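Here the structure comes first, spelled out in structure tokens, and everything after it is commentary.
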Amino acid sequence: MLSDGEYLMRLRFDDGADFTGKETSLSSISSSRLPLPLPLSLFSSQNLTLSGLELPVFRETARWLRLYFNGEKPDFTPPVRLDVPEFRKLVLRTVSAIPYGHTVTYGEVACRVAASLNVSRVSARAVGQALSHNPVLLIIPCHRVTGADGSLKGYAGGTLRKIKLLELESSGAGFFTGS
């Protein structure tokens, strides 16, 4: 997790590099491989600090993650600041509207983005490229976007995680163990 002190700016799996090629893990939010469970200790206050300062946005994000990985649909979204170009921001906002437990295709997202831009067409490839730069995985649910044929094309967190996240959302079965 990374924050500017008020907003969540980055949430990535801790075993991979982000799109800049730099490691971005400031706290442990996921096991390095699936299937899960995730121990609740990953979301304890000692893992939600940045230079010793506990941030409310980290607590809120941890609560969101706890609900999500328990198979519940969170009824709130932590505050997110997207420092990305406007096109990516529009794509990410469009994907944020995909309901929990549902999927849409890259082409469908492209059509929605084109309508928002009042243009005749946006390519599905451009949407995929924008999603590959999603700075807050899970919160902005790019794992809910599939290929036109239903294939699970691309996910910055890896295809196995994409499968497991979609299974979690469709089953309502949580991944956490413990209390």
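By order of appearance in the structure tokens: chains A, B, ..., then residues from 1 within every chain, and ligands from 1 in the order shown.
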Which of stretch 59-162 of chain A end up as helix (DSSP H, G or I) when DSSP is run on this backbone - answer as a PyMOL selection string? chain A and resi 59-69+86-96+106-117+124-131+142-144+159-162
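Every protein, DNA or RNA residue with an atom at most 8 Å from A:Tyr155, where only C-alpha atoms count and chain neighbours fewer than 6 positions away do not, is listed here: Ser132, Cys142, His143 and Lys162 of chain A.
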Any chance you could export the current selection's C-alpha atoms as a PDB file, in the first residue's frame?
```
ATOM      1  CA  SER A 132      -2.302  -2.830 -17.143  1.00  0.00           C
ATOM      2  CA  CYS A 142      -9.816  -4.899 -13.469  1.00  0.00           C
ATOM      3  CA  HIS A 143      -9.928  -8.642 -12.729  1.00  0.00           C
ATOM      4  CA  LYS A 162      -7.702 -13.422 -11.578  1.00  0.00           C
TER       5      LYS A 162
END
```
I'd like the contact shell of A:Glu60 - 9 Å cut-off, only C-alpha atoms, skipping same-chain residues fewer than 6 positions apart - returned as a list in words. Thr77, Pro78 and Pro79 of chain A
Could you give me, as a tab-separated table (two decimals) with N, CA and C atoms, in the first residue's frame, the residues within 7 Å of A:Ala110, counting only C-alpha atoms and dropping anything in the same chain fewer than 6 positions from it?
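So the final result, stored in part-v1.tsv, reads:
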```tsv
chain	number	residue	atom	x	y	z
A	122	VAL	N	-13.29	3.38	-29.34
A	122	VAL	CA	-12.06	3.24	-28.57
A	122	VAL	C	-11.70	1.77	-28.68
A	123	SER	N	-10.45	1.46	-28.89
A	123	SER	CA	-10.07	0.06	-29.07
A	123	SER	C	-10.01	-0.68	-27.74
A	124	ALA	N	-10.37	-1.95	-27.81
A	124	ALA	CA	-10.28	-2.82	-26.63
A	124	ALA	C	-8.82	-2.93	-26.19
A	127	VAL	N	-7.95	-0.10	-23.96
A	127	VAL	CA	-8.51	-0.35	-22.63
A	127	VAL	C	-7.60	-1.30	-21.86
```
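For the pair atom CA of A:Thr103 and atom CA of A:Tyr7, the separation is 26.8 Å.
Near stretch 115-118 of chain A, within a cut-off of 10 Å and counting only C-alpha atoms, sit the residues Phe87, Leu90, Val91, Thr94, Val109, Ala110, Cys111, Arg112, Arg121 and Val122 of chain A, with same-chain residues fewer than 3 positions away left out.
The residues of stretch 44-113 of chain A that DSSP classifies as strand (DSSP E), using the backbone of this structure, are Thr49, Leu50, Leu53, Glu54, Val104 and Thr105 of chain A.
The space separating atom CA of A:Phe69 from atom CA of A:Val113 comes to 29.3 Å.
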At a cut-off of 9 Å, using only C-alpha atoms, what residues contact A:Gly5? Leave out same-chain residues fewer than 3 positions from it and give the result as a VMD selection string. chain A and resid 2 8 55 to 57
Restricting the output to N, CA, C and O atoms, write the selected residues as a CSV table (one decimal), in the first residue's frame.
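File written: result.csv
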```csv
chain,number,residue,atom,x,y,z
A,2,LEU,N,0.4,2.2,-0.7
A,2,LEU,CA,1.1,3.5,-0.7
A,2,LEU,C,0.0,4.6,-0.6
A,2,LEU,O,-1.0,4.5,-1.3
A,8,LEU,N,-5.4,6.6,-0.8
A,8,LEU,CA,-4.7,5.4,-1.3
A,8,LEU,C,-4.2,5.7,-2.7
A,8,LEU,O,-5.0,6.1,-3.6
A,55,LEU,N,-2.0,5.3,9.2
A,55,LEU,CA,-2.8,6.2,8.4
A,55,LEU,C,-4.2,5.7,8.4
A,55,LEU,O,-4.5,4.5,8.2
A,56,PRO,N,-5.2,6.5,8.6
A,56,PRO,CA,-6.6,6.1,8.5
A,56,PRO,C,-7.0,5.4,7.2
A,56,PRO,O,-7.7,4.4,7.1
A,57,VAL,N,-6.4,5.9,6.1
A,57,VAL,CA,-6.7,5.3,4.8
A,57,VAL,C,-6.2,3.8,4.7
A,57,VAL,O,-6.8,3.0,4.1
```
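Counting only C-alpha atoms, stretch 166-172 of chain A has the following residues at most 9 Å away, ignoring those fewer than 4 positions along the same chain: Tyr68, Phe69, Asn70, Gly71, Glu72, Lys73, Tyr100, Gly101, His102, Thr103, His143, Arg144, Arg161 and Lys162 of chain A.
Separating atom CA of A:Asp75 from atom CA of A:Val136 is a distance of 17.4 Å.
Distances from A:Leu152, A:Met9, A:Ala97, A:Val80 to A:Lys164 were compared using only C-alpha atoms, and the smallest one belongs to A:Leu152.
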